[in-house]
Amino acid sequence: MKRVSDFAADLGSTLKSIVKIALQSRPVTVGKAVDAADMPLVILANGPSLRQTITDHGALLESLPTLAVNFAANAPEFTQLKPRYYVLADPHFVNATDDPNVKLLFDNLRKVTWPMRLFVDRRYRRRFVSLLGGNANISVETFNAVGAEGFAWFERLAYRSRLAMPRPRNVLIPSIMIGIMLGYRRIFICGADHSWMRDLRVTDDNEVVSGMSHFYKESSAEVSRSRNEYRSYRLHDIIRSYYVAFLSYHKIRRFADSLGVEIINATPGSYIDAFKRGSLAEQK
C-alpha cells in the first residue's frame, strides 16, 4: 500500500507542479561562465560563520568567482570581495523600498564598479533594473522562482529546463541552482550555518522568537522588522518551513549528482546534511 500511496502523492505533486509552471514560468537564459570548467564557484551565504571564513581565506575568496546574496552589499567586505554574481530572491527587496536596509542595499549596488551579474525573480526584473539606476556594471538576469516536486524524472526535466527548481524557501536554494546553470562543476558553500533551530524559542506570550544572525552587524531597524515578522507565524509554520528548505537541498543534491556537479559544504557546524563536507582550503 505504501508504494501505491507514494505513487499517488508523486502524481499529485507532479500535476500540481505542471500547472504552476504553465501559469508562472517562462523561458530564461543563463549564459555559461567562461571559467566554469577550470574554477570552482564559492557561494557566500550570510551566516555568522562567514566572518571567520573571510578572515581565514580572504585573499583566496578575492581570487575566485564568488556569489553573494541578500544584504551582503551592506557589509564592508562587499567591495573587498567584489562578487561576480549576486542573487536577490525575496520580493521584500522590491516591495519595501521604504525599508532603510533595502534603501542602503540599492545605494551600494548602484556604486558597484566591477562587472557583476545580478539574478532576480523573473517577475520583478523591470523593477530591479529601475532601482539600480542604470549602473552599466551590473547586468540583470532572471530565474523562475517556481518550486516543482513530483516524480524524480519530472523534477530533473523541470530543473534542467530552468522552468522550475526545488522549492525556493530561501535564497541559498536558487543560488546553488544558478551556480549549476552557470556551468560550474564544483560549488563551495560558505556561511550556510542554518542553525536556526538552535536559536528557536517561544516566549511566555506564545510569540515565536528566532535569533537569526549574520556575519555582518544587523541594523536595529532590520532586527525589529525580523522580530515583528516572526510574531505573525506559529511554531508549526516555522518548522514546516525548515523542513521544506532542508528537503530542497536533498533534491538539489540528487539533481547535481545526475549532472556530475560536486557541491561541497565548507561551512563549519552547518546543519545542512545534504552535501559532502569539505574546506575552502582545498582550493589552495
# chains A, B, ... in the order shown; residues from 1 in each chain; ligands from 1

call {"tool": "residues_around", "arguments": {"residues": "stretch 101-113 of chain A", "least_positions_apart": "6", "cutoff": "7 Å", "atoms": "only C-alpha atoms", "output": "mmCIF file with N, CA and C atoms, in the first residue's frame"}}
result
data_model
loop_
_atom_site.group_PDB
_atom_site.id
_atom_site.type_symbol
_atom_site.label_atom_id
_atom_site.label_comp_id
_atom_site.auth_asym_id
_atom_site.auth_seq_id
_atom_site.Cartn_x
_atom_site.Cartn_y
_atom_site.Cartn_z
ATOM 1 N N PHE A 71 21.526 40.988 1.768
ATOM 2 C CA PHE A 71 22.077 42.262 2.218
ATOM 3 C C PHE A 71 23.604 42.277 2.272
ATOM 4 N N ALA A 73 25.715 43.341 0.243
ATOM 5 C CA ALA A 73 26.273 44.591 -0.268
ATOM 6 C C ALA A 73 26.342 45.668 0.799
ATOM 7 N N ASN A 74 25.645 45.468 1.916
ATOM 8 C CA ASN A 74 25.685 46.447 3.007
ATOM 9 C C ASN A 74 26.850 46.208 3.965
ATOM 10 N N PHE A 93 12.606 42.969 -1.399
ATOM 11 C CA PHE A 93 13.563 43.922 -1.942
ATOM 12 C C PHE A 93 12.920 44.908 -2.915
ATOM 13 N N LEU A 131 15.526 50.210 -10.012
ATOM 14 C CA LEU A 131 16.131 50.524 -8.723
ATOM 15 C C LEU A 131 17.650 50.630 -8.796
ATOM 16 N N LEU A 132 18.252 49.992 -9.793
ATOM 17 C CA LEU A 132 19.714 50.035 -9.930
ATOM 18 C C LEU A 132 20.197 51.322 -10.576
ATOM 19 N N GLY A 133 19.284 52.124 -11.059
ATOM 20 C CA GLY A 133 19.650 53.448 -11.554
ATOM 21 C C GLY A 133 20.568 53.465 -12.756
ATOM 22 N N ASN A 135 23.156 51.447 -13.570
ATOM 23 C CA ASN A 135 24.557 51.056 -13.392
ATOM 24 C C ASN A 135 24.948 50.051 -14.481
ATOM 25 N N ASN A 137 27.599 48.500 -14.929
ATOM 26 C CA ASN A 137 28.450 47.395 -14.482
ATOM 27 C C ASN A 137 27.653 46.160 -14.067
ATOM 28 N N GLU A 222 16.379 46.482 11.051
ATOM 29 C CA GLU A 222 16.222 45.145 10.471
ATOM 30 C C GLU A 222 15.920 44.121 11.552
#

call {"tool": "residues_around", "arguments": {"residues": "A:Arg117", "least_positions_apart": "4", "cutoff": "8 Å", "atoms": "only C-alpha atoms", "output": "list of chain:residue names"}}
result
A:Arg84, A:Tyr85, A:Tyr86, A:Ile138, A:Ser139, A:Val140, A:Glu141

call {"tool": "residues_around", "arguments": {"residues": "stretch 44-59 of chain A", "least_positions_apart": "3", "cutoff": "8 Å", "atoms": "only C-alpha atoms", "output": "ChimeraX atom specification"}}
result
/A:62-63,66-69,72,81,172,189-194,213-216,267-268,280-281

call {"tool": "atom_distance", "arguments": {"atom1": "atom CA of A:Pro76", "atom2": "atom CA of A:Arg122"}}
result
28.8 Å

call {"tool": "atom_distance", "arguments": {"atom1": "atom CA of A:Lys276", "atom2": "atom CA of A:Ile264"}}
result
5.3 Å

call {"tool": "residues_around", "arguments": {"residues": "A:Arg234", "least_positions_apart": "4", "cutoff": "10 Å", "atoms": "only C-alpha atoms", "output": "PDB file with N, CA and C atoms, in the first residue's frame"}}
result
ATOM      1  N   VAL A 202       9.959  29.943  22.183  1.00  0.00           N
ATOM      2  CA  VAL A 202       8.622  30.515  22.296  1.00  0.00           C
ATOM      3  C   VAL A 202       8.534  31.238  23.632  1.00  0.00           C
ATOM      4  N   ASN A 206       3.522  33.278  24.038  1.00  0.00           N
ATOM      5  CA  ASN A 206       3.310  32.436  22.854  1.00  0.00           C
ATOM      6  C   ASN A 206       3.760  33.101  21.557  1.00  0.00           C
ATOM      7  N   GLU A 207       4.779  33.931  21.647  1.00  0.00           N
ATOM      8  CA  GLU A 207       5.374  34.517  20.460  1.00  0.00           C
ATOM      9  C   GLU A 207       6.626  33.730  20.091  1.00  0.00           C
ATOM     10  N   VAL A 208       6.728  33.377  18.825  1.00  0.00           N
ATOM     11  CA  VAL A 208       7.890  32.634  18.352  1.00  0.00           C
ATOM     12  C   VAL A 208       9.038  33.610  18.105  1.00  0.00           C
ATOM     13  N   TYR A 230       8.244  37.531  12.510  1.00  0.00           N
ATOM     14  CA  TYR A 230       8.120  36.220  13.143  1.00  0.00           C
ATOM     15  C   TYR A 230       6.908  36.132  14.057  1.00  0.00           C
ATOM     16  N   ILE A 238       6.831  27.557  11.147  1.00  0.00           N
ATOM     17  CA  ILE A 238       8.272  27.755  11.006  1.00  0.00           C
ATOM     18  C   ILE A 238       8.988  26.423  10.842  1.00  0.00           C
ATOM     19  N   ILE A 239       8.572  25.425  11.616  1.00  0.00           N
ATOM     20  CA  ILE A 239       9.205  24.108  11.488  1.00  0.00           C
ATOM     21  C   ILE A 239       8.925  23.517  10.108  1.00  0.00           C
TER      22      ILE A 239
END

call {"tool": "atom_distance", "arguments": {"atom1": "atom CA of A:Leu157", "atom2": "atom CA of A:Met116"}}
result
28.9 Å

call {"tool": "residues_around", "arguments": {"residues": "A:Leu41", "least_positions_apart": "6", "cutoff": "10 Å", "atoms": "only C-alpha atoms", "output": "list in words"}}
result
Ala33, Asp35, Leu61, Leu64, Pro65, Thr66, Leu67, Arg84, Tyr85, Ile176, Gly179, Ile180, Leu182, Gly183, Tyr184, Arg185, Arg186, Ile187, Phe188, Ile189 and Ile263 of chain A

call {"tool": "residues_around", "arguments": {"residues": "stretch 245-260 of chain A", "least_positions_apart": "6", "cutoff": "6 Å", "atoms": "only C-alpha atoms", "output": "list in words"}}
result
Pro166, Arg169 and Ala274 of chain A

call {"tool": "select_by_dssp", "arguments": {"residues": "stretch 22-222 of chain A", "states": "strand (DSSP E)", "output": "compact mmCIF listing (two decimals) with N, CA and C atoms, in the first residue's frame"}}
result
# COMPACT_ATOMS: atom_id res chain seq x y z
N LEU A 41 33.03 27.67 -8.03
CA LEU A 41 32.23 28.81 -7.59
C LEU A 41 32.10 28.74 -6.08
N VAL A 42 32.24 29.88 -5.41
CA VAL A 42 32.05 29.94 -3.97
C VAL A 42 30.81 30.77 -3.68
N ILE A 43 29.81 30.14 -3.08
CA ILE A 43 28.59 30.84 -2.69
C ILE A 43 28.76 31.34 -1.26
N LEU A 44 28.57 32.64 -1.09
CA LEU A 44 28.74 33.27 0.21
C LEU A 44 27.38 33.53 0.83
N THR A 66 32.88 34.43 -6.93
CA THR A 66 32.01 34.30 -5.76
C THR A 66 30.60 34.81 -6.08
N LEU A 67 29.66 34.33 -5.29
CA LEU A 67 28.26 34.72 -5.44
C LEU A 67 27.76 35.18 -4.07
N ALA A 68 27.24 36.40 -4.00
CA ALA A 68 26.74 36.97 -2.75
C ALA A 68 25.22 37.06 -2.81
N VAL A 69 24.61 37.23 -1.64
CA VAL A 69 23.14 37.21 -1.57
C VAL A 69 22.62 38.29 -0.62
N TYR A 85 28.81 37.41 -8.93
CA TYR A 85 27.38 37.14 -9.05
C TYR A 85 26.67 37.58 -7.77
N TYR A 86 25.38 37.88 -7.92
CA TYR A 86 24.58 38.31 -6.77
C TYR A 86 23.16 37.80 -7.00
N VAL A 87 22.53 37.32 -5.94
CA VAL A 87 21.17 36.80 -6.05
C VAL A 87 20.26 37.49 -5.03
N LEU A 88 19.15 38.01 -5.53
CA LEU A 88 18.09 38.56 -4.69
C LEU A 88 16.81 37.82 -5.03
N MET A 116 29.29 42.66 -12.69
CA MET A 116 28.56 41.76 -11.80
C MET A 116 27.24 41.38 -12.45
N ARG A 117 26.89 40.11 -12.31
CA ARG A 117 25.62 39.60 -12.84
C ARG A 117 24.66 39.41 -11.67
N LEU A 118 23.57 40.15 -11.72
CA LEU A 118 22.56 40.09 -10.67
C LEU A 118 21.40 39.22 -11.14
N PHE A 119 21.08 38.19 -10.37
CA PHE A 119 19.98 37.28 -10.71
C PHE A 119 18.79 37.57 -9.81
N VAL A 120 17.63 37.76 -10.45
CA VAL A 120 16.41 38.09 -9.72
C VAL A 120 15.24 37.27 -10.25
N ASP A 121 14.21 37.18 -9.44
CA ASP A 121 12.96 36.54 -9.86
C ASP A 121 12.47 37.20 -11.15
N ILE A 138 26.35 46.33 -13.86
CA ILE A 138 25.52 45.22 -13.41
C ILE A 138 24.56 44.81 -14.52
N SER A 139 24.62 43.54 -14.90
CA SER A 139 23.64 43.00 -15.84
C SER A 139 22.60 42.23 -15.03
N VAL A 140 21.34 42.50 -15.29
CA VAL A 140 20.25 41.88 -14.55
C VAL A 140 19.72 40.68 -15.34
N GLU A 141 19.83 39.50 -14.74
CA GLU A 141 19.36 38.27 -15.36
C GLU A 141 18.30 37.63 -14.47
N THR A 142 17.58 36.67 -15.01
CA THR A 142 16.41 36.18 -14.28
C THR A 142 16.42 34.67 -14.10
N PHE A 143 15.62 34.24 -13.13
CA PHE A 143 15.35 32.82 -12.92
C PHE A 143 13.87 32.68 -12.56
N ARG A 186 32.21 22.43 -9.70
CA ARG A 186 32.44 22.36 -8.26
C ARG A 186 31.90 23.64 -7.63
N ILE A 187 31.07 23.48 -6.62
CA ILE A 187 30.46 24.62 -5.95
C ILE A 187 30.70 24.49 -4.45
N PHE A 188 31.37 25.48 -3.88
CA PHE A 188 31.60 25.52 -2.44
C PHE A 188 30.55 26.44 -1.80
N ILE A 189 30.05 26.03 -0.65
CA ILE A 189 29.08 26.83 0.08
C ILE A 189 29.69 27.25 1.41
N CYS A 190 29.77 28.56 1.63
CA CYS A 190 30.29 29.09 2.89
C CYS A 190 29.22 29.95 3.56
N LEU A 200 15.74 28.85 18.19
CA LEU A 200 14.29 29.00 18.14
C LEU A 200 13.69 28.81 19.53
N ARG A 201 12.79 29.71 19.92
CA ARG A 201 12.13 29.58 21.22
C ARG A 201 10.76 30.23 21.17
N VAL A 202 9.96 29.94 22.18
CA VAL A 202 8.62 30.52 22.30
C VAL A 202 8.53 31.24 23.63
N VAL A 208 6.73 33.38 18.83
CA VAL A 208 7.89 32.63 18.35
C VAL A 208 9.04 33.61 18.11
N VAL A 209 10.19 33.28 18.64
CA VAL A 209 11.37 34.13 18.51
C VAL A 209 12.49 33.31 17.89
N SER A 210 13.12 33.86 16.88
CA SER A 210 14.28 33.20 16.28
C SER A 210 15.45 34.15 16.32

call {"tool": "closest_residue", "arguments": {"among": "A:Asp99, A:Ala22, A:Phe151, A:Arg160", "to": "A:Asp10", "atoms": "only C-alpha atoms"}}
result
A:Phe151
